[in-house]
Amino acid sequence: MNRFLQAIKERVLILDGAMGTMLQERGLAPGASPEGMNLQRPEVVEAVHRAYVAAGADIIETNTFGGNRPKLAHYGLEKRIHEINVAGVEIARRAAGPQTLVAASVGPTGRFLEPVGDAEFDEMVEIYREQLVPLVEAGADLINFETFLDIRELRAAVIAAKEVTDLPLMALMTFDDVGRTVLGTPPEAAAVTLDALGVDVIGSNCGLGIDGIYDILQRMRSVTNLPLLAQANAGLPELRDGVTVFPGTPEEMIAYHQRLIDIGVRVIGGCCGTTPTHIQAMQEALQNFPQDWTPPARRCFLSSRTQVVEVGGNAACAVIGERINPTGKKGYSAELREGKTAYIRREAQEQVVAGADLLDVNCGAPGVDEPLALERAVFAISGVAGAPLVLDSSSPEALEAGLKAADGKVLINSVSGEEKSLRAILPLAGKYGAAVIGLALDGRGIPETADDRLQVARRILAEALEIGLPREDIIIDCLTLTVSAEQQRAMQTLQTLRLVRDELGLATVLGVSNISFGLPRRPVLSASFFTLALDAGLKAAIINPKDERMMDALRAVRVLLGQDLRAESYIAHYAQQTALPLVAPNTDDQPLTIREQLARAIIEGDKDIVVSLVEQALNEDLDPMQISNQGLLPGLEEVGKRFGKNQIFLPQVMLSAETMREAFGRLKKEIHGQGIVSLGKILMATVEGDIHDIGKNIVCTLLENHGFEVIDLGKNVSAETIIEQAQEQQVDAVGLSALMTTTLKQMEVTIDALRQTGVKVFTMVGGAVVTQDYADEIGADLYAADALEAVAKIKQLLLSDR
């Protein structure tokens with residue numbers, strides 16, 4: 001067994017602490033590349049490593065966190081990727097000696113993947129492959145992916161690593177104080193997705209102190225049996241006498257040792273603000289605790305960017321919504337050929353509301369580019385629904401496109417017992433971290449008996465285990481045949497359910513409504529068969545969740561089988577239903593006004609129809625200001641309210657913003673250069689020394705959507721440039737962003753310079769390390785915690801000033 005993996009089975013290992021702040025204390029200039037010091041000042045980097053080794057670190061991390069092409073390009077170092085990363089490993093190795101492990105540090109690129117950003121999945125895989133190859137060749141012992149915000153970017157990074165090495169992989173994400181990444185991913189969804197990809201250790205770093213990291217890891221433990229890693233900041237940053245400090249003491253950092261060990265944390269380290277003194281305290285304190293840990297049993301979960309669903313085991317039967325399928329649906333087939341997604345988005349939302357836990361997605365129709373269509377469908381659904389996906393295709397090319405587009409761990413529908421199918425589909429599940437439905441049939445067709453179907457299921461399981469898929473991630477479709485043609489086979493299906501459960505220990509799935517095809521009153525027969533199947537152990541049902549008779553059967557059986565404790569879900573559903581006749585009639589069927597349709601298009605991010613709705617509004621004699629203020633902006637305001645309540649997350653906000661941009665693009669043609677009256681002119685910039693601009697870019701987009709004129713100066717912008725442009729452009733406000741604690745001071749420098757030169761503007765500050773207290777201390781007029789809050793506050797301030 002690998003030395004690292006053997007070690008974490010036996011004891012808890014101590015990882016080193018912060019690198020960036022240590023380098024700054026030793027001469028790294030503001031705005032300079034930390035990774036560049038591997039070439040320019042290797043002795044300084046080595047000294048930091050030696051300090052951590054002397055403090056007792058079992059693992060030290062290479063100075064390669066930003067050693068990828070997009071990050072190095074900010075410093076003109078993109079042609080030295082190989083050299084910088086090799087040097088990073090060699091420097092750490094010199095300091096490590098024979099006992100200390102060297103972990104290659106790999107961080108995010110600063111870009112978001114589509115549809116939230118502009119990076120393509122394959123492009124991102126190649127970027128990480130380019131960095132990982134030299135790290136592996138130089139002799140790293142393991143890889144540590146850390147401080148990731150986008151689960152799709154981290155998926156791409158892990159897949160790249162799997163392509164170039166079999167070294168152990170650790171994968172960490174950064175969460176805020178409400179337990180979400182910036183794109184809305186909770187710890188449970190991150191853990192399920194990363195577990196499925198085959199990483200060896202998962203966890204969280206940065207953003208939180210040890211108490212917050214512990215809470216995150218507790219939530220991860222609820223869905224995974226992997227070893228965990230805790231890499232907390234030394235508390236939350238504070239500004240003292242103009243200097244950013246992390247107040248967490250070594251004593252505070254070790255207060256959670258026992259609790260961390262109890263939940264299976266096998267690596268403990270430090271992030272921002274931690275020093276060799278913290279690491280030494282962690283190592284010394286660790287000797288006082290027993291370090292045995294037995295992993296819990298593995299369970300099958302599926303995930304999206306924002307949700308997880310358990311399938312199998314003691315979980316109740318999961319409902320897989322079947323409606324996103326072109327069979328018998330001419331309108332949907334036509335949309336697929338036209339590249340539209342209105343039907344997909346509508347059905348995704350309606351099925352989730354009706355009770356679907358998972359959504360089956362099928363885009364196979366004549367004349368359709370199925371890989372492109374499935375990718376488009378996955379993107380569309382991720383913008384409007386949180387349910388994990390079931391990718392339904394017999395095309396390996398289409399499945400791979402859908403798997404690349406997915407944010408989480410999906411279920412592939414399906415593989416059969418045929419050798420060709422097994423060879424094509426199972427490797428995709430392994431590479432992209434998916435579960436798979438196995439059809440109990442082979443090249444000879446559907447077996448007559450339950451025993452024969454069991455044998456096919458047994459073969460599928462053996463092949464899946466052979467390539468490394470966990471047995472919990474194999475779900476067997478026992479096959480439902482219509483009783484109108486083969487009545488005796490219904491009982492064979494039920495018997496197969498029992499055999500697969502009892503002899504193979506696998507979860508099962510059925511396309512339930514197939515049973516009644518060709519017979520009158522189909523829901524009667526389908527619901528009765530569904531009840532029998534649930535009693536036989538069915539764990540996932542492909543049904544129409546909008547069929548109330550089927551959902552009635554499911555809710556009732558969940559109560560009778562003890563899966564709905566105290567009948568809480570049953571009561572909640574039917575008590576509400578009973579009350580419906582007592583309230584005003586449902587107005588959902590009443591036609592929406594054009595203003596309401598425009599608002600709904602923005603809320604739902606419906607780029608397909610928003611331009612045609614603007615055309616319709618113009619034809620109904622609404623002027624551009626009415627369309628904007630009475631239709632589009634109310635929709636965007638509702639998006640802001642839902643974001644504030646954590647009902648939607650950044651990807652949905654950005655989709656609504658893109659939809660707004662499409663609408664405004666059409667309105668601009670109508671106003672012949674006169675323009676809609678601007679609410680104000682805002683200058684935006686990331687301060688000098690800071691190269692992070694994702695948050696600032698989002699604020700710019702939303703400000704423009706809300707009617708502001710935005711001058712975006714980009715990142716790493718000096719105070720002098722900001723003052724010059726503020727005067728030249730005659731702006732109303734200046735917005736400053738910073739992500740790094742080391743660049744916070746530049747906000748104060750810039751605001752002081754604006755005052756001293758007499759530039760009369762409102763100032764707004766924000767960013768991951770910025771707080772209201774800091775904004776007050778430096779005299780900023782506004783602080784915003786996120787993009788939508790920034791828009792709301794700047795609107796209130798500027799409009800009240802007029």
# chains A, B, ... in the order shown; residues from 1 in each chain; ligands from 1
$ residues_around --residues "Val192 of chain A" --least-positions-apart "6" --cutoff "9 Å" --atoms "only C-alpha atoms" --output "PyMOL selection string"
chain A and resi 220+223-224+300-303+308+408-409
$ select_by_dssp --residues "segment 139-247 of chain A" --states "strand (DSSP E or B)" --output "VMD selection string"
chain A and resid 142 to 148 169 to 173 201 to 205 228 to 232 238 to 240 243 to 245
$ select_by_dssp --residues "segment 82-129 of chain A" --states "helix (DSSP H, G or I)" --output "mmCIF file with N, CA and C atoms, in the first residue's frame"
data_model
loop_
_atom_site.group_PDB
_atom_site.id
_atom_site.type_symbol
_atom_site.label_atom_id
_atom_site.label_comp_id
_atom_site.auth_asym_id
_atom_site.auth_seq_id
_atom_site.Cartn_x
_atom_site.Cartn_y
_atom_site.Cartn_z
ATOM 1 N N HIS A 82 6.136 24.212 -16.437
ATOM 2 C CA HIS A 82 6.877 22.995 -16.111
ATOM 3 C C HIS A 82 8.020 23.301 -15.149
ATOM 4 N N GLU A 83 8.744 24.348 -15.437
ATOM 5 C CA GLU A 83 9.907 24.710 -14.629
ATOM 6 C C GLU A 83 9.507 25.071 -13.195
ATOM 7 N N ILE A 84 8.459 25.860 -13.059
ATOM 8 C CA ILE A 84 8.015 26.312 -11.738
ATOM 9 C C ILE A 84 7.513 25.145 -10.898
ATOM 10 N N ASN A 85 6.742 24.254 -11.493
ATOM 11 C CA ASN A 85 6.175 23.139 -10.730
ATOM 12 C C ASN A 85 7.228 22.102 -10.362
ATOM 13 N N VAL A 86 8.139 21.820 -11.278
ATOM 14 C CA VAL A 86 9.235 20.906 -10.943
ATOM 15 C C VAL A 86 10.072 21.485 -9.801
ATOM 16 N N ALA A 87 10.391 22.761 -9.895
ATOM 17 C CA ALA A 87 11.178 23.399 -8.843
ATOM 18 C C ALA A 87 10.445 23.349 -7.505
ATOM 19 N N GLY A 88 9.114 23.522 -7.533
ATOM 20 C CA GLY A 88 8.343 23.475 -6.297
ATOM 21 C C GLY A 88 8.491 22.152 -5.562
ATOM 22 N N VAL A 89 8.438 21.052 -6.318
ATOM 23 C CA VAL A 89 8.594 19.729 -5.709
ATOM 24 C C VAL A 89 10.036 19.526 -5.238
ATOM 25 N N GLU A 90 11.008 19.910 -6.045
ATOM 26 C CA GLU A 90 12.412 19.691 -5.687
ATOM 27 C C GLU A 90 12.794 20.473 -4.436
ATOM 28 N N ILE A 91 12.307 21.684 -4.310
ATOM 29 C CA ILE A 91 12.597 22.491 -3.119
ATOM 30 C C ILE A 91 12.005 21.831 -1.877
ATOM 31 N N ALA A 92 10.756 21.404 -1.975
ATOM 32 C CA ALA A 92 10.108 20.748 -0.832
ATOM 33 C C ALA A 92 10.819 19.444 -0.482
ATOM 34 N N ARG A 93 11.236 18.719 -1.499
ATOM 35 C CA ARG A 93 11.917 17.445 -1.247
ATOM 36 C C ARG A 93 13.243 17.653 -0.506
ATOM 37 N N ARG A 94 13.964 18.709 -0.855
ATOM 38 C CA ARG A 94 15.221 18.984 -0.155
ATOM 39 C C ARG A 94 14.986 19.264 1.327
ATOM 40 N N ALA A 95 13.878 19.942 1.597
ATOM 41 C CA ALA A 95 13.585 20.285 2.990
ATOM 42 C C ALA A 95 12.981 19.115 3.762
ATOM 43 N N ALA A 96 12.353 18.186 3.080
ATOM 44 C CA ALA A 96 11.547 17.164 3.729
ATOM 45 C C ALA A 96 12.368 16.102 4.438
ATOM 46 N N PHE A 121 -15.056 22.259 -20.266
ATOM 47 C CA PHE A 121 -14.599 21.184 -19.394
ATOM 48 C C PHE A 121 -13.276 20.596 -19.897
ATOM 49 N N ASP A 122 -13.204 20.261 -21.172
ATOM 50 C CA ASP A 122 -11.979 19.670 -21.712
ATOM 51 C C ASP A 122 -10.808 20.640 -21.606
ATOM 52 N N GLU A 123 -11.072 21.915 -21.790
ATOM 53 C CA GLU A 123 -10.027 22.924 -21.640
ATOM 54 C C GLU A 123 -9.480 22.909 -20.217
ATOM 55 N N MET A 124 -10.392 22.790 -19.236
ATOM 56 C CA MET A 124 -9.963 22.802 -17.843
ATOM 57 C C MET A 124 -9.169 21.538 -17.503
ATOM 58 N N VAL A 125 -9.592 20.402 -18.034
ATOM 59 C CA VAL A 125 -8.840 19.165 -17.813
ATOM 60 C C VAL A 125 -7.415 19.324 -18.340
ATOM 61 N N GLU A 126 -7.284 19.908 -19.510
ATOM 62 C CA GLU A 126 -5.960 20.088 -20.110
ATOM 63 C C GLU A 126 -5.100 21.058 -19.303
ATOM 64 N N ILE A 127 -5.709 22.111 -18.764
ATOM 65 C CA ILE A 127 -4.962 23.066 -17.936
ATOM 66 C C ILE A 127 -4.371 22.357 -16.723
ATOM 67 N N TYR A 128 -5.178 21.509 -16.086
ATOM 68 C CA TYR A 128 -4.673 20.819 -14.898
ATOM 69 C C TYR A 128 -3.685 19.712 -15.261
ATOM 70 N N ARG A 129 -3.923 19.045 -16.376
ATOM 71 C CA ARG A 129 -2.958 18.030 -16.806
ATOM 72 C C ARG A 129 -1.587 18.673 -17.012
#
$ residues_around --residues "Val410 of chain A" --least-positions-apart "5" --cutoff "8 Å" --atoms "only C-alpha atoms" --output "ChimeraX atom specification"
/A:302-304,388-391,403,433-435
$ write_last_selection --atoms "all heavy atoms" --output "CSV table (one decimal), in the first residue's frame"
chain,number,residue,atom,x,y,z
A,302,LEU,N,-26.5,10.1,-4.8
A,302,LEU,CA,-26.3,10.8,-6.1
A,302,LEU,C,-26.4,12.3,-5.7
A,302,LEU,O,-26.9,12.7,-4.7
A,302,LEU,CB,-27.4,10.5,-7.1
A,302,LEU,CG,-27.6,9.0,-7.4
A,302,LEU,CD1,-28.8,8.8,-8.3
A,302,LEU,CD2,-26.3,8.5,-8.1
A,303,SER,N,-25.7,13.2,-6.6
A,303,SER,CA,-25.7,14.6,-6.2
A,303,SER,C,-25.8,15.4,-7.4
A,303,SER,O,-25.5,15.0,-8.6
A,303,SER,CB,-24.3,14.9,-5.6
A,303,SER,OG,-23.2,14.6,-6.4
A,304,SER,N,-26.3,16.7,-7.2
A,304,SER,CA,-26.2,17.7,-8.2
A,304,SER,C,-25.3,18.8,-7.6
A,304,SER,O,-24.6,18.5,-6.6
A,304,SER,CB,-27.6,18.4,-8.4
A,304,SER,OG,-28.0,19.0,-7.2
A,388,PRO,N,-30.6,15.7,-8.6
A,388,PRO,CA,-29.6,14.9,-9.3
A,388,PRO,C,-30.2,14.3,-10.6
A,388,PRO,O,-31.4,14.0,-10.7
A,388,PRO,CB,-29.1,13.9,-8.3
A,388,PRO,CG,-29.4,14.5,-7.0
A,388,PRO,CD,-30.7,15.2,-7.2
A,389,LEU,N,-29.3,14.0,-11.6
A,389,LEU,CA,-29.8,13.6,-12.9
A,389,LEU,C,-29.5,12.1,-13.2
A,389,LEU,O,-28.6,11.5,-12.6
A,389,LEU,CB,-29.1,14.4,-14.0
A,389,LEU,CG,-29.3,15.9,-13.9
A,389,LEU,CD1,-28.5,16.6,-15.0
A,389,LEU,CD2,-30.7,16.3,-13.9
A,390,VAL,N,-30.4,11.6,-14.0
A,390,VAL,CA,-30.2,10.2,-14.6
A,390,VAL,C,-30.1,10.4,-16.1
A,390,VAL,O,-31.0,10.8,-16.8
A,390,VAL,CB,-31.5,9.4,-14.3
A,390,VAL,CG1,-31.3,8.0,-14.8
A,390,VAL,CG2,-31.7,9.3,-12.8
A,391,LEU,N,-28.9,10.2,-16.6
A,391,LEU,CA,-28.6,10.4,-18.0
A,391,LEU,C,-29.0,9.1,-18.8
A,391,LEU,O,-28.4,8.1,-18.6
A,391,LEU,CB,-27.1,10.7,-18.2
A,391,LEU,CG,-26.6,11.9,-17.5
A,391,LEU,CD1,-25.1,12.2,-17.9
A,391,LEU,CD2,-27.4,13.2,-17.8
A,403,LEU,N,-22.0,13.7,-19.0
A,403,LEU,CA,-21.2,13.5,-17.8
A,403,LEU,C,-20.2,14.7,-17.6
A,403,LEU,O,-20.0,15.1,-16.4
A,403,LEU,CB,-20.4,12.2,-17.9
A,403,LEU,CG,-21.2,10.9,-17.7
A,403,LEU,CD1,-20.5,9.7,-18.2
A,403,LEU,CD2,-21.6,10.7,-16.2
A,433,GLY,N,-17.2,9.3,-12.3
A,433,GLY,CA,-17.7,9.2,-11.0
A,433,GLY,C,-19.3,9.1,-11.0
A,433,GLY,O,-19.9,9.9,-10.3
A,434,ALA,N,-19.8,8.2,-11.7
A,434,ALA,CA,-21.3,8.0,-11.8
A,434,ALA,C,-21.7,6.6,-11.3
A,434,ALA,O,-20.9,5.7,-11.3
A,434,ALA,CB,-21.7,8.1,-13.3
A,435,ALA,N,-22.9,6.5,-10.8
A,435,ALA,CA,-23.5,5.2,-10.6
A,435,ALA,C,-24.2,4.8,-11.9
A,435,ALA,O,-24.3,5.5,-12.8
A,435,ALA,CB,-24.6,5.4,-9.5
$ closest_residue --among "A:Asp211, A:Glu35, A:Glu604, A:Glu400" --to "Ala385 of chain A" --atoms "only C-alpha atoms"
A:Glu604
$ residues_around --residues "Pro168 of chain A" --least-positions-apart "6" --cutoff "8 Å" --atoms "only C-alpha atoms" --output "number ranges by chain"
A: 2, 4-5, 141-143, 199-200
$ write_last_selection --atoms "N, CA, C and O atoms" --output "short mmCIF file (atom, residue, chain, number, x, y, z; two decimals), in the first residue's frame"
data_model
loop_
_atom_site.label_atom_id
_atom_site.label_comp_id
_atom_site.auth_asym_id
_atom_site.auth_seq_id
_atom_site.Cartn_x
_atom_site.Cartn_y
_atom_site.Cartn_z
N ASN A 2 0.43 2.30 -0.66
CA ASN A 2 1.11 3.58 -0.68
C ASN A 2 1.43 4.04 0.75
O ASN A 2 0.65 3.87 1.67
N PHE A 4 1.54 6.97 2.18
CA PHE A 4 0.58 7.91 2.76
C PHE A 4 -0.70 7.19 3.18
O PHE A 4 -1.20 7.39 4.30
N LEU A 5 -1.24 6.35 2.30
CA LEU A 5 -2.50 5.67 2.61
C LEU A 5 -2.33 4.73 3.79
O LEU A 5 -3.24 4.58 4.62
N ASP A 141 4.68 12.98 -3.51
CA ASP A 141 4.13 11.76 -2.91
C ASP A 141 2.62 11.67 -3.04
O ASP A 141 2.05 10.58 -3.02
N LEU A 142 1.95 12.81 -3.12
CA LEU A 142 0.50 12.87 -3.25
C LEU A 142 0.12 14.24 -3.78
O LEU A 142 0.96 15.14 -3.86
N ILE A 143 -1.14 14.38 -4.17
CA ILE A 143 -1.66 15.64 -4.72
C ILE A 143 -2.70 16.19 -3.76
O ILE A 143 -3.56 15.44 -3.27
N VAL A 199 -11.26 9.93 -5.17
CA VAL A 199 -10.19 10.56 -4.39
C VAL A 199 -10.03 9.78 -3.09
O VAL A 199 -10.90 9.02 -2.68
N ASP A 200 -8.92 10.01 -2.41
CA ASP A 200 -8.60 9.23 -1.22
C ASP A 200 -8.96 9.93 0.08
O ASP A 200 -9.25 9.28 1.08
#
$ atom_distance --atom1 "atom CA of Gln24 of chain A" --atom2 "atom CA of His74 of chain A"
18.3 Å
$ closest_residue --among "A:Ala790, A:Val500, A:Ile691, A:Ile751" --to "Leu703 of chain A" --atoms "only C-alpha atoms"
A:Ala790
$ residues_around --residues "segment 711-728 of chain A" --least-positions-apart "4" --cutoff "6 Å" --atoms "only C-alpha atoms" --output "PyMOL selection string"
chain A and resi 683-691+750
$ write_last_selection --atoms "all heavy atoms" --output "mmCIF file, in the first residue's frame"
data_model
loop_
_atom_site.group_PDB
_atom_site.id
_atom_site.type_symbol
_atom_site.label_atom_id
_atom_site.label_comp_id
_atom_site.auth_asym_id
_atom_site.auth_seq_id
_atom_site.Cartn_x
_atom_site.Cartn_y
_atom_site.Cartn_z
ATOM 1 N N LEU A 683 -17.575 52.930 -11.344
ATOM 2 C CA LEU A 683 -16.257 52.425 -11.699
ATOM 3 C C LEU A 683 -15.937 51.244 -10.783
ATOM 4 O O LEU A 683 -16.063 51.353 -9.558
ATOM 5 C CB LEU A 683 -15.207 53.520 -11.550
ATOM 6 C CG LEU A 683 -13.776 53.182 -11.975
ATOM 7 C CD1 LEU A 683 -13.083 54.438 -12.518
ATOM 8 C CD2 LEU A 683 -12.962 52.620 -10.819
ATOM 9 N N MET A 684 -15.527 50.127 -11.371
ATOM 10 C CA MET A 684 -15.230 48.918 -10.598
ATOM 11 C C MET A 684 -13.791 48.484 -10.837
ATOM 12 O O MET A 684 -13.282 48.564 -11.962
ATOM 13 C CB MET A 684 -16.164 47.777 -10.996
ATOM 14 C CG MET A 684 -17.635 48.017 -10.687
ATOM 15 S SD MET A 684 -18.001 48.002 -8.926
ATOM 16 C CE MET A 684 -17.537 46.323 -8.486
ATOM 17 N N ALA A 685 -13.129 47.991 -9.779
ATOM 18 C CA ALA A 685 -11.735 47.543 -9.913
ATOM 19 C C ALA A 685 -11.377 46.606 -8.773
ATOM 20 O O ALA A 685 -11.866 46.752 -7.647
ATOM 21 C CB ALA A 685 -10.789 48.735 -9.923
ATOM 22 N N THR A 686 -10.521 45.624 -9.070
ATOM 23 C CA THR A 686 -9.847 44.852 -8.033
ATOM 24 C C THR A 686 -8.554 45.582 -7.703
ATOM 25 O O THR A 686 -7.813 45.985 -8.607
ATOM 26 C CB THR A 686 -9.540 43.421 -8.514
ATOM 27 O OG1 THR A 686 -10.762 42.773 -8.866
ATOM 28 C CG2 THR A 686 -8.851 42.620 -7.423
ATOM 29 N N VAL A 687 -8.269 45.757 -6.426
ATOM 30 C CA VAL A 687 -7.203 46.655 -5.999
ATOM 31 C C VAL A 687 -5.821 46.120 -6.381
ATOM 32 O O VAL A 687 -5.647 44.937 -6.702
ATOM 33 C CB VAL A 687 -7.257 46.903 -4.481
ATOM 34 C CG1 VAL A 687 -8.534 47.623 -4.111
ATOM 35 C CG2 VAL A 687 -7.100 45.600 -3.702
ATOM 36 N N GLU A 688 -4.838 46.993 -6.308
ATOM 37 C CA GLU A 688 -3.478 46.653 -6.701
ATOM 38 C C GLU A 688 -2.936 45.483 -5.880
ATOM 39 O O GLU A 688 -3.119 45.412 -4.666
ATOM 40 C CB GLU A 688 -2.568 47.878 -6.515
ATOM 41 C CG GLU A 688 -1.155 47.663 -7.027
ATOM 42 C CD GLU A 688 -0.330 48.939 -7.009
ATOM 43 O OE1 GLU A 688 -0.760 49.926 -6.363
ATOM 44 O OE2 GLU A 688 0.745 48.949 -7.643
ATOM 45 N N GLY A 689 -2.271 44.581 -6.581
ATOM 46 C CA GLY A 689 -1.685 43.418 -5.938
ATOM 47 C C GLY A 689 -2.593 42.204 -5.901
ATOM 48 O O GLY A 689 -2.159 41.110 -5.543
ATOM 49 N N ASP A 690 -3.868 42.386 -6.277
ATOM 50 C CA ASP A 690 -4.833 41.278 -6.220
ATOM 51 C C ASP A 690 -5.267 40.921 -7.644
ATOM 52 O O ASP A 690 -5.693 41.791 -8.406
ATOM 53 C CB ASP A 690 -6.058 41.698 -5.406
ATOM 54 C CG ASP A 690 -6.804 40.512 -4.829
ATOM 55 O OD1 ASP A 690 -7.008 39.535 -5.578
ATOM 56 O OD2 ASP A 690 -7.188 40.553 -3.647
ATOM 57 N N ILE A 691 -5.152 39.632 -7.991
ATOM 58 C CA ILE A 691 -5.465 39.202 -9.360
ATOM 59 C C ILE A 691 -6.778 38.443 -9.439
ATOM 60 O O ILE A 691 -7.073 37.800 -10.439
ATOM 61 C CB ILE A 691 -4.330 38.317 -9.911
ATOM 62 C CG1 ILE A 691 -4.165 37.061 -9.058
ATOM 63 C CG2 ILE A 691 -3.032 39.095 -9.996
ATOM 64 C CD1 ILE A 691 -3.251 36.013 -9.662
ATOM 65 N N THR A 750 -6.520 53.425 -1.467
ATOM 66 C CA THR A 750 -7.272 53.991 -2.591
ATOM 67 C C THR A 750 -8.332 54.973 -2.112
ATOM 68 O O THR A 750 -8.499 56.069 -2.687
ATOM 69 C CB THR A 750 -7.927 52.863 -3.406
ATOM 70 O OG1 THR A 750 -6.918 51.954 -3.847
ATOM 71 C CG2 THR A 750 -8.671 53.422 -4.612
#
$ residues_around --residues "Gln487 of chain A" --least-positions-apart "6" --cutoff "12 Å" --atoms "only C-alpha atoms" --output "ChimeraX atom specification"
/A:448,480-481,493,515-517,519
$ closest_residue --among "A:Gln131, A:Ser416, A:Ile694, A:Arg11" --to "Val265 of chain A" --atoms "only C-alpha atoms"
A:Arg11
$ atom_distance --atom1 "atom CA of Thr701 of chain A" --atom2 "atom CA of Ala657 of chain A"
7.0 Å
$ residues_around --residues "segment 535-544 of chain A" --least-positions-apart "6" --cutoff "10 Å" --atoms "only C-alpha atoms" --output "PyMOL selection string"
chain A and resi 310-324+351+354-360+475-478+493-502+506-514+526+529+550-551+554+557-558+560-561
